[in-house]
Structures are given as structure tokens and as C-alpha cells.
$ cat query.cif   # mmCIF, C-alpha atoms
data_target
loop_
_atom_site.label_atom_id
_atom_site.label_comp_id
_atom_site.auth_asym_id
_atom_site.auth_seq_id
_atom_site.Cartn_x
_atom_site.Cartn_y
_atom_site.Cartn_z
CA GLU A 18 -50.27 145.86 -48.88
CA GLU A 19 -47.03 145.37 -50.79
CA GLU A 20 -45.10 145.87 -47.60
CA THR A 21 -46.94 143.14 -45.72
CA GLN A 22 -46.41 140.78 -48.66
CA GLN A 23 -42.68 141.46 -48.56
CA GLU A 24 -42.60 140.98 -44.82
CA SER A 25 -44.37 137.66 -45.11
CA LEU A 26 -41.79 136.65 -47.73
CA ARG A 27 -39.02 137.43 -45.28
CA GLU A 28 -40.42 135.11 -42.62
CA GLU A 29 -38.60 131.81 -42.76
CA PRO A 30 -40.95 128.97 -43.72
CA ALA A 31 -41.07 126.11 -41.21
CA TYR A 32 -39.98 123.65 -43.89
CA ALA A 33 -38.28 124.58 -47.14
CA ALA A 34 -38.51 121.73 -49.64
CA PRO A 35 -35.32 121.34 -51.73
CA VAL A 36 -37.66 120.91 -54.70
CA ASP A 37 -39.38 123.82 -56.46
CA PHE A 38 -42.94 122.57 -56.10
CA GLU A 39 -44.35 125.90 -57.21
CA HIS A 40 -42.64 125.53 -60.59
CA LEU A 41 -43.59 121.85 -60.87
CA ARG A 42 -47.22 122.58 -60.09
CA GLN A 43 -47.30 125.24 -62.77
CA LEU A 44 -46.29 122.49 -65.18
CA ASN A 45 -48.85 120.16 -63.66
CA PRO A 46 -51.03 120.67 -60.55
CA GLU A 47 -51.09 116.87 -60.06
CA VAL A 48 -47.48 116.77 -58.82
CA VAL A 49 -47.69 115.46 -55.25
CA GLY A 50 -44.06 114.78 -54.32
CA TRP A 51 -40.52 114.06 -55.45
CA LEU A 52 -38.87 110.65 -55.06
CA THR A 53 -35.12 110.24 -54.81
CA ILE A 54 -33.13 107.04 -54.19
CA PRO A 55 -29.39 107.70 -53.63
CA GLY A 56 -27.12 105.34 -55.54
CA THR A 57 -29.64 104.90 -58.35
CA ALA A 58 -30.88 106.96 -61.30
CA ILE A 59 -34.25 107.41 -59.57
CA ASP A 60 -34.83 111.12 -58.95
CA TYR A 61 -38.25 112.14 -60.25
CA PRO A 62 -41.48 113.99 -59.49
CA ILE A 63 -44.44 111.86 -58.39
CA LEU A 64 -47.77 112.51 -60.11
CA HIS A 65 -51.24 111.53 -58.98
CA ASP A 66 -54.48 111.34 -60.94
CA PRO A 67 -57.18 110.40 -58.40
CA GLU A 68 -59.42 109.19 -61.25
CA SER A 69 -57.17 106.71 -63.06
CA ASN A 70 -53.91 104.80 -63.02
CA ASP A 71 -53.72 104.96 -66.82
CA THR A 72 -53.05 108.68 -67.17
CA TYR A 73 -49.36 108.77 -66.29
CA LEU A 74 -48.59 105.35 -67.69
CA THR A 75 -48.08 107.06 -71.05
CA ARG A 76 -47.79 110.77 -70.23
CA ASP A 77 -44.99 112.94 -68.93
CA ILE A 78 -45.31 115.73 -66.37
CA GLU A 79 -46.50 118.16 -69.05
CA GLY A 80 -49.20 115.77 -70.23
CA ASN A 81 -47.40 114.88 -73.46
CA GLU A 82 -47.55 111.34 -74.83
CA SER A 83 -44.44 109.52 -73.66
CA ALA A 84 -43.39 105.87 -73.70
CA ALA A 85 -41.53 106.45 -70.41
CA GLY A 86 -44.64 107.89 -68.75
CA SER A 87 -44.18 109.31 -65.25
CA ILE A 88 -43.62 108.08 -61.73
CA TYR A 89 -47.09 108.12 -60.15
CA LEU A 90 -49.01 107.34 -56.99
CA ASP A 91 -51.91 104.88 -57.18
CA CYS A 92 -55.25 106.56 -57.92
CA ASP A 93 -56.73 104.92 -54.79
CA ASN A 94 -54.15 106.56 -52.56
CA ALA A 95 -54.60 109.90 -50.84
CA ALA A 96 -52.44 112.57 -52.49
CA ASP A 97 -50.76 113.41 -49.16
CA PHE A 98 -49.37 109.87 -48.59
CA SER A 99 -51.48 109.44 -45.45
CA ASP A 100 -52.70 105.91 -46.26
CA TYR A 101 -51.35 102.84 -44.47
CA HIS A 102 -50.05 101.57 -47.83
CA ASN A 103 -48.85 103.88 -50.60
CA VAL A 104 -48.25 102.36 -54.05
CA ILE A 105 -45.95 104.12 -56.53
CA TYR A 106 -45.49 102.99 -60.14
CA GLY A 107 -42.87 103.62 -62.78
CA HIS A 108 -41.86 102.03 -66.07
CA HIS A 109 -38.84 99.75 -66.34
CA MET A 110 -37.11 101.49 -69.24
CA ARG A 111 -34.43 99.56 -71.04
CA ASN A 112 -32.20 102.65 -71.09
CA GLY A 113 -32.03 102.59 -67.28
CA THR A 114 -34.38 105.50 -66.62
CA MET A 115 -37.60 105.74 -64.59
CA PHE A 116 -37.93 102.66 -62.29
CA ALA A 117 -35.38 100.40 -64.05
CA ASP A 118 -33.07 100.57 -61.00
CA ILE A 119 -35.75 99.02 -58.75
CA MET A 120 -34.51 95.71 -60.23
CA LYS A 121 -31.15 96.17 -58.48
CA PHE A 122 -32.83 95.83 -55.09
CA ARG A 123 -33.51 92.15 -55.82
CA ASP A 124 -29.84 91.64 -55.00
CA GLN A 125 -29.33 91.19 -51.25
CA GLU A 126 -26.06 93.11 -51.18
CA PHE A 127 -27.50 96.05 -53.11
CA LEU A 128 -30.49 96.18 -50.76
CA GLU A 129 -28.24 96.16 -47.72
CA ASN A 130 -26.08 98.97 -49.14
CA HIS A 131 -28.99 101.21 -50.19
CA GLN A 132 -31.13 101.78 -47.14
CA THR A 133 -32.32 105.33 -47.76
CA ILE A 134 -35.17 106.62 -49.87
CA THR A 135 -36.61 110.12 -49.54
CA ILE A 136 -39.93 111.46 -50.73
CA TYR A 137 -40.04 115.24 -50.62
CA LEU A 138 -43.47 116.78 -50.14
CA PRO A 139 -44.27 120.50 -50.22
CA ASP A 140 -44.55 120.59 -46.41
CA ARG A 141 -42.32 117.74 -45.17
CA GLU A 142 -40.03 114.84 -46.01
CA LEU A 143 -40.81 111.13 -45.81
CA HIS A 144 -37.90 108.83 -45.02
CA LEU A 145 -38.29 105.26 -46.18
CA CYS A 146 -36.26 102.17 -45.46
CA PRO A 147 -36.35 99.52 -48.22
CA TYR A 148 -36.53 96.01 -46.77
CA ALA A 149 -37.77 93.50 -49.37
CA CYS A 150 -37.77 93.07 -53.12
CA LEU A 151 -39.37 90.38 -55.28
CA TYR A 152 -40.99 89.68 -58.61
CA THR A 153 -44.57 88.56 -58.76
CA THR A 154 -47.87 88.68 -60.65
CA PRO A 155 -49.82 91.97 -60.93
CA ASP A 156 -52.63 90.85 -58.60
CA GLY A 157 -55.09 93.44 -57.30
CA PHE A 158 -54.37 92.68 -53.65
CA ARG A 159 -50.84 94.02 -54.15
CA ARG A 160 -52.35 97.50 -54.39
CA LYS A 161 -54.65 97.31 -51.37
CA THR A 162 -54.37 100.71 -49.71
CA GLN A 163 -57.00 100.67 -46.94
CA PHE A 164 -56.72 98.74 -43.68
CA ASP A 165 -58.81 98.79 -40.51
CA SER A 166 -55.85 98.74 -38.17
CA ARG A 167 -52.09 98.79 -37.95
CA GLU A 168 -52.20 95.10 -37.00
CA GLN A 169 -53.98 94.33 -40.25
CA LEU A 170 -51.33 96.28 -42.15
CA GLN A 171 -48.59 94.38 -40.33
CA GLU A 172 -50.10 91.03 -41.34
CA TYR A 173 -50.52 92.22 -44.93
CA ALA A 174 -46.90 93.43 -45.06
CA GLU A 175 -45.64 90.05 -43.83
CA GLU A 176 -47.74 88.25 -46.41
CA MET A 177 -46.56 90.50 -49.25
CA VAL A 178 -42.84 89.89 -48.74
CA LYS A 179 -42.92 86.10 -48.67
CA ASN A 180 -40.68 84.78 -51.47
CA ALA A 181 -38.61 87.98 -51.50
CA THR A 182 -35.32 87.54 -53.37
CA ALA A 183 -33.72 90.10 -51.04
CA PHE A 184 -34.92 90.77 -47.49
CA ILE A 185 -33.86 92.60 -44.35
CA LYS A 186 -35.96 92.15 -41.22
CA PRO A 187 -37.58 95.50 -40.36
CA GLU A 188 -36.12 97.12 -37.26
CA GLN A 189 -39.50 98.40 -36.15
CA GLU A 190 -43.17 97.64 -36.52
CA ILE A 191 -44.42 98.80 -39.89
CA GLU A 192 -46.70 101.78 -39.38
CA ARG A 193 -46.78 102.79 -43.03
CA LEU A 194 -45.90 100.62 -46.02
CA TYR A 195 -44.72 101.75 -49.46
CA SER A 196 -44.54 99.68 -52.64
CA LEU A 197 -42.44 100.81 -55.59
CA VAL A 198 -43.74 98.83 -58.56
CA THR A 199 -42.29 98.31 -62.03
CA CYS A 200 -42.66 95.86 -64.90
CA SER A 201 -40.23 92.99 -65.16
CA TYR A 202 -39.69 90.26 -67.68
CA GLU A 203 -39.51 86.89 -65.88
CA PHE A 204 -42.87 85.95 -67.38
CA GLU A 205 -45.68 87.79 -69.13
CA ASP A 206 -47.00 90.71 -67.12
CA ALA A 207 -44.53 90.18 -64.26
CA ARG A 208 -43.91 92.94 -61.72
CA THR A 209 -40.94 93.69 -59.52
CA ILE A 210 -41.90 95.35 -56.25
CA LEU A 211 -39.65 97.04 -53.71
CA TYR A 212 -41.29 97.19 -50.27
CA CYS A 213 -40.27 99.95 -47.87
CA TYR A 214 -41.50 101.25 -44.55
CA GLU A 215 -41.56 104.79 -43.23
CA ILE A 216 -39.10 105.69 -40.49
CA ASP A 217 -38.97 108.80 -38.32
#

$ encode --input "query.cif" --output "C-alpha cells"
Amino acid sequence: EEETQQESLREEPAYAAPVDFEHLRQLNPEVVGWLTIPGTAIDYPILHDPESNDTYLTRDIEGNESAAGSIYLDCDNAADFSDYHNVIYGHHMRNGTMFADIMKFRDQEFLENHQTITIYLPDRELHLCPYACLYTTPDGFRRKTQFDSREQLQEYAEEMVKNATAFIKPEQEIERLYSLVTCSYEFEDARTILYCYEID
């Protein structure tokens, strides 16, 4: 039996994630991916509690109380990022960590010069193209994840990016939308949201 195990180890996996998900999942089985945005300090695991959005607001990957919390996927989203709209949250820490650098995308030039975001999953990579950034109120409709059709998603996406402070017209129809959400301080309870779409 040992031999067959070794043989199976020798077989090249179809996709080898550059992230040690096995180790991360030993720390916490609710790790679902790893988000990295070149040119920013954003390079973190993504957690997902399907029961609540409050869990990782104040807890780190090991479940310890932490003001910085974690980067996490909305509890209403599927853990495999298969929804039409995936919503990812992170704190805006004053020391520049977590999602503080999302603010930079409100600048048109910064948006234009940072057009790559990667989410590593255990079995594949998602490539996102950021196209709009704005600050807004934390309304529930901003985290709508379910749509009946791609057309409905398209309409929703167009509605969401009105009043964007930085915007680049998408080069393709949006088949899957991503929102990266953080707190901002223009008014009480304000949010800054970076909208991205998945590309092949």
C-alpha cells in the first residue's frame, strides 16, 4: 500500500497552487482561497463562514480575537466562488494592512496601472480585472449574490458602478462580478468598493 501511495505522490497534479492550502486548512478549514493584488500590500488568505459575516470581522485565521480580522467571502456566497457575484470584505486598517490599499483604486491612474488581481483556489486560479471604484453606503443590495440570468447580472453591474470615482469600460460582457469591500471615512458607515470582473 505504501508503494501505491508513493506512486500517486509522484504523479504530477493537474494544477499546483502556489499556496500551501493543506497547511492553511490545518490552521482553519474555512480557508477558501488566497487573494493577491500586485502593486499593493494585499496578499492574504480568504476565509468563509457560511453561517455569518461577523465571524472574521474580528478574528484572524487561527480564530483569535483580532482588530484587523481577516479577509473573508460573504456568508451568502458559495465557497467555490461559483456565484454570479462574489463579495469579499476586509478592514481598512490605518497601518496600511488588510484592505487599506483598496482606497488607492479610487484614483483613475492607479486603477489603470493595476489591472491584475488573482485569487488562488486549491484547484485553479481566478483572474480578475478591476474596472470601477467608488465610496457608498452599506446598503444590502450591494451584496446581492444571486441572479436569474447573466443579463440580470449585467444590469446590476452597470447600476452598481454609477458614480464611480475611477472607471474603465469593461472589455467584455461581465459573466462574473466581484466586489472587494472595505470601510471608508467620508461619512459614518461609508464603504469603498472595488468592482472587478473575471477574465479567462

$ closest_atom_pairs --input "query.cif" --of "stretch 73-109 of chain A" --to "stretch 152-161 of chain A" --cutoff "8 Å" --atoms "only C-alpha atoms" --output "CSV"
residue,atom,partner,partner_atom,distance
A:Asp91,CA,A:Arg160,CA,7.9
A:His102,CA,A:Lys161,CA,7.2
A:Val104,CA,A:Arg160,CA,6.4

$ resolve_selection --input "query.cif" --expression "the PyMOL selection byres ((chain A and resi 171) around 10)" --output "PyMOL selection string"
chain A and resi 101+164+166-170+172-177+190-194

$ residues_near_point --input "query.cif" --point "(-48.2, 100.2, -58.1)" --cutoff "12 Å" --atoms "only C-alpha atoms" --output "ChimeraX atom specification"
/A:65,70-71,73-74,88-94,102-108,116,154-162,195-200,208-212

$ residues_near_point --input "query.cif" --point "(-32.8, 88.3, -48.2)" --cutoff "10 Å" --atoms "only C-alpha atoms" --output "ChimeraX atom specification"
/A:123-126,128-129,148-151,180-186

$ residues_around --input "query.cif" --residues "A:Thr57" --least-positions-apart "2" --cutoff "10 Å" --atoms "all atoms listed in the file" --output "count of residues only"
13

$ residues_around --input "query.cif" --residues "A:Leu44" --least-positions-apart "6" --cutoff "12 Å" --atoms "all atoms listed in the file" --output "compact mmCIF listing (two decimals) with C-alpha atoms, in the frame of the given file"
# COMPACT_ATOMS: atom_id res chain seq x y z
CA ASP A 37 -39.38 123.82 -56.46
CA PHE A 38 -42.94 122.57 -56.10
CA PRO A 62 -41.48 113.99 -59.49
CA LEU A 64 -47.77 112.51 -60.11
CA ASP A 77 -44.99 112.94 -68.93
CA ILE A 78 -45.31 115.73 -66.37
CA GLU A 79 -46.50 118.16 -69.05
CA GLY A 80 -49.20 115.77 -70.23
CA ASN A 81 -47.40 114.88 -73.46

$ atom_distance --input "query.cif" --atom1 "atom CA of A:Glu188" --atom2 "atom CA of A:Asp140"
26.6 Å

$ residues_around --input "query.cif" --residues "A:Trp51" --least-positions-apart "5" --cutoff "7 Å" --atoms "only C-alpha atoms" --output "ChimeraX atom specification"
/A:61-63,136-138

$ build_atoms --input "query.cif" --residues "stretch 49-83 of chain A" --atoms "N, CA and C atoms" --output "PDB file, in the frame of the given file"
ATOM      1  N   VAL A  49     -47.438 115.585 -56.690  1.00  0.00           N
ATOM      2  CA  VAL A  49     -47.690 115.460 -55.250  1.00  0.00           C
ATOM      3  C   VAL A  49     -46.413 115.291 -54.424  1.00  0.00           C
ATOM      4  N   GLY A  50     -45.295 114.979 -55.075  1.00  0.00           N
ATOM      5  CA  GLY A  50     -44.060 114.780 -54.320  1.00  0.00           C
ATOM      6  C   GLY A  50     -42.892 114.576 -55.267  1.00  0.00           C
ATOM      7  N   TRP A  51     -41.733 114.317 -54.666  1.00  0.00           N
ATOM      8  CA  TRP A  51     -40.520 114.060 -55.450  1.00  0.00           C
ATOM      9  C   TRP A  51     -39.792 112.895 -54.780  1.00  0.00           C
ATOM     10  N   LEU A  52     -39.502 111.867 -55.575  1.00  0.00           N
ATOM     11  CA  LEU A  52     -38.870 110.650 -55.060  1.00  0.00           C
ATOM     12  C   LEU A  52     -37.396 110.620 -55.453  1.00  0.00           C
ATOM     13  N   THR A  53     -36.538 110.377 -54.477  1.00  0.00           N
ATOM     14  CA  THR A  53     -35.120 110.240 -54.810  1.00  0.00           C
ATOM     15  C   THR A  53     -34.522 109.041 -54.061  1.00  0.00           C
ATOM     16  N   ILE A  54     -33.783 108.210 -54.792  1.00  0.00           N
ATOM     17  CA  ILE A  54     -33.130 107.040 -54.190  1.00  0.00           C
ATOM     18  C   ILE A  54     -31.631 107.159 -54.454  1.00  0.00           C
ATOM     19  N   PRO A  55     -30.843 107.568 -53.444  1.00  0.00           N
ATOM     20  CA  PRO A  55     -29.390 107.700 -53.630  1.00  0.00           C
ATOM     21  C   PRO A  55     -28.763 106.398 -54.113  1.00  0.00           C
ATOM     22  N   GLY A  56     -27.792 106.519 -55.013  1.00  0.00           N
ATOM     23  CA  GLY A  56     -27.120 105.340 -55.540  1.00  0.00           C
ATOM     24  C   GLY A  56     -27.837 104.707 -56.718  1.00  0.00           C
ATOM     25  N   THR A  57     -28.913 105.364 -57.165  1.00  0.00           N
ATOM     26  CA  THR A  57     -29.640 104.900 -58.350  1.00  0.00           C
ATOM     27  C   THR A  57     -29.908 106.121 -59.241  1.00  0.00           C
ATOM     28  N   ALA A  58     -30.507 105.864 -60.402  1.00  0.00           N
ATOM     29  CA  ALA A  58     -30.880 106.960 -61.300  1.00  0.00           C
ATOM     30  C   ALA A  58     -32.273 107.511 -60.966  1.00  0.00           C
ATOM     31  N   ILE A  59     -32.866 107.027 -59.890  1.00  0.00           N
ATOM     32  CA  ILE A  59     -34.250 107.410 -59.570  1.00  0.00           C
ATOM     33  C   ILE A  59     -34.271 108.737 -58.819  1.00  0.00           C
ATOM     34  N   ASP A  60     -34.781 109.764 -59.497  1.00  0.00           N
ATOM     35  CA  ASP A  60     -34.830 111.120 -58.950  1.00  0.00           C
ATOM     36  C   ASP A  60     -35.881 111.876 -59.759  1.00  0.00           C
ATOM     37  N   TYR A  61     -37.148 111.694 -59.387  1.00  0.00           N
ATOM     38  CA  TYR A  61     -38.250 112.140 -60.250  1.00  0.00           C
ATOM     39  C   TYR A  61     -39.420 112.706 -59.449  1.00  0.00           C
ATOM     40  N   PRO A  62     -40.208 113.573 -60.109  1.00  0.00           N
ATOM     41  CA  PRO A  62     -41.480 113.990 -59.490  1.00  0.00           C
ATOM     42  C   PRO A  62     -42.468 112.829 -59.468  1.00  0.00           C
ATOM     43  N   ILE A  63     -43.368 112.862 -58.492  1.00  0.00           N
ATOM     44  CA  ILE A  63     -44.440 111.860 -58.390  1.00  0.00           C
ATOM     45  C   ILE A  63     -45.749 112.547 -58.751  1.00  0.00           C
ATOM     46  N   LEU A  64     -46.479 111.950 -59.693  1.00  0.00           N
ATOM     47  CA  LEU A  64     -47.770 112.510 -60.110  1.00  0.00           C
ATOM     48  C   LEU A  64     -48.908 111.666 -59.553  1.00  0.00           C
ATOM     49  N   HIS A  65     -50.101 112.250 -59.557  1.00  0.00           N
ATOM     50  CA  HIS A  65     -51.240 111.530 -58.980  1.00  0.00           C
ATOM     51  C   HIS A  65     -52.529 111.994 -59.641  1.00  0.00           C
ATOM     52  N   ASP A  66     -53.152 111.086 -60.393  1.00  0.00           N
ATOM     53  CA  ASP A  66     -54.480 111.340 -60.940  1.00  0.00           C
ATOM     54  C   ASP A  66     -55.457 110.510 -60.107  1.00  0.00           C
ATOM     55  N   PRO A  67     -56.286 111.155 -59.278  1.00  0.00           N
ATOM     56  CA  PRO A  67     -57.180 110.400 -58.400  1.00  0.00           C
ATOM     57  C   PRO A  67     -58.250 109.608 -59.151  1.00  0.00           C
ATOM     58  N   GLU A  68     -58.386 109.865 -60.456  1.00  0.00           N
ATOM     59  CA  GLU A  68     -59.420 109.190 -61.250  1.00  0.00           C
ATOM     60  C   GLU A  68     -58.930 107.894 -61.896  1.00  0.00           C
ATOM     61  N   SER A  69     -57.623 107.831 -62.232  1.00  0.00           N
ATOM     62  CA  SER A  69     -57.170 106.710 -63.060  1.00  0.00           C
ATOM     63  C   SER A  69     -55.676 106.448 -62.936  1.00  0.00           C
ATOM     64  N   ASN A  70     -55.325 105.170 -62.999  1.00  0.00           N
ATOM     65  CA  ASN A  70     -53.910 104.800 -63.020  1.00  0.00           C
ATOM     66  C   ASN A  70     -53.338 104.785 -64.439  1.00  0.00           C
ATOM     67  N   ASP A  71     -54.184 105.027 -65.434  1.00  0.00           N
ATOM     68  CA  ASP A  71     -53.720 104.960 -66.820  1.00  0.00           C
ATOM     69  C   ASP A  71     -53.072 106.264 -67.303  1.00  0.00           C
ATOM     70  N   THR A  72     -53.467 107.361 -66.682  1.00  0.00           N
ATOM     71  CA  THR A  72     -53.050 108.680 -67.170  1.00  0.00           C
ATOM     72  C   THR A  72     -51.542 108.784 -67.347  1.00  0.00           C
ATOM     73  N   TYR A  73     -50.803 108.518 -66.258  1.00  0.00           N
ATOM     74  CA  TYR A  73     -49.360 108.770 -66.290  1.00  0.00           C
ATOM     75  C   TYR A  73     -48.532 107.555 -66.707  1.00  0.00           C
ATOM     76  N   LEU A  74     -49.247 106.517 -67.104  1.00  0.00           N
ATOM     77  CA  LEU A  74     -48.590 105.350 -67.690  1.00  0.00           C
ATOM     78  C   LEU A  74     -47.921 105.765 -69.006  1.00  0.00           C
ATOM     79  N   THR A  75     -48.561 106.682 -69.716  1.00  0.00           N
ATOM     80  CA  THR A  75     -48.080 107.060 -71.050  1.00  0.00           C
ATOM     81  C   THR A  75     -47.947 108.570 -71.228  1.00  0.00           C
ATOM     82  N   ARG A  76     -47.922 109.306 -70.100  1.00  0.00           N
ATOM     83  CA  ARG A  76     -47.790 110.770 -70.230  1.00  0.00           C
ATOM     84  C   ARG A  76     -46.712 111.294 -69.308  1.00  0.00           C
ATOM     85  N   ASP A  77     -45.999 112.318 -69.785  1.00  0.00           N
ATOM     86  CA  ASP A  77     -44.990 112.940 -68.930  1.00  0.00           C
ATOM     87  C   ASP A  77     -45.631 114.028 -68.076  1.00  0.00           C
ATOM     88  N   ILE A  78     -44.809 114.732 -67.325  1.00  0.00           N
ATOM     89  CA  ILE A  78     -45.310 115.730 -66.370  1.00  0.00           C
ATOM     90  C   ILE A  78     -46.117 116.828 -67.066  1.00  0.00           C
ATOM     91  N   GLU A  79     -45.789 117.103 -68.326  1.00  0.00           N
ATOM     92  CA  GLU A  79     -46.500 118.160 -69.050  1.00  0.00           C
ATOM     93  C   GLU A  79     -47.728 117.636 -69.802  1.00  0.00           C
ATOM     94  N   GLY A  80     -48.000 116.337 -69.604  1.00  0.00           N
ATOM     95  CA  GLY A  80     -49.200 115.770 -70.230  1.00  0.00           C
ATOM     96  C   GLY A  80     -48.967 115.297 -71.658  1.00  0.00           C
ATOM     97  N   ASN A  81     -47.705 115.333 -72.104  1.00  0.00           N
ATOM     98  CA  ASN A  81     -47.400 114.880 -73.460  1.00  0.00           C
ATOM     99  C   ASN A  81     -47.310 113.356 -73.504  1.00  0.00           C
ATOM    100  N   GLU A  82     -47.688 112.779 -74.631  1.00  0.00           N
ATOM    101  CA  GLU A  82     -47.550 111.340 -74.830  1.00  0.00           C
ATOM    102  C   GLU A  82     -46.081 110.955 -74.675  1.00  0.00           C
ATOM    103  N   SER A  83     -45.821 109.906 -73.903  1.00  0.00           N
ATOM    104  CA  SER A  83     -44.440 109.520 -73.660  1.00  0.00           C
ATOM    105  C   SER A  83     -44.393 108.039 -73.306  1.00  0.00           C
TER     106      SER A  83
END
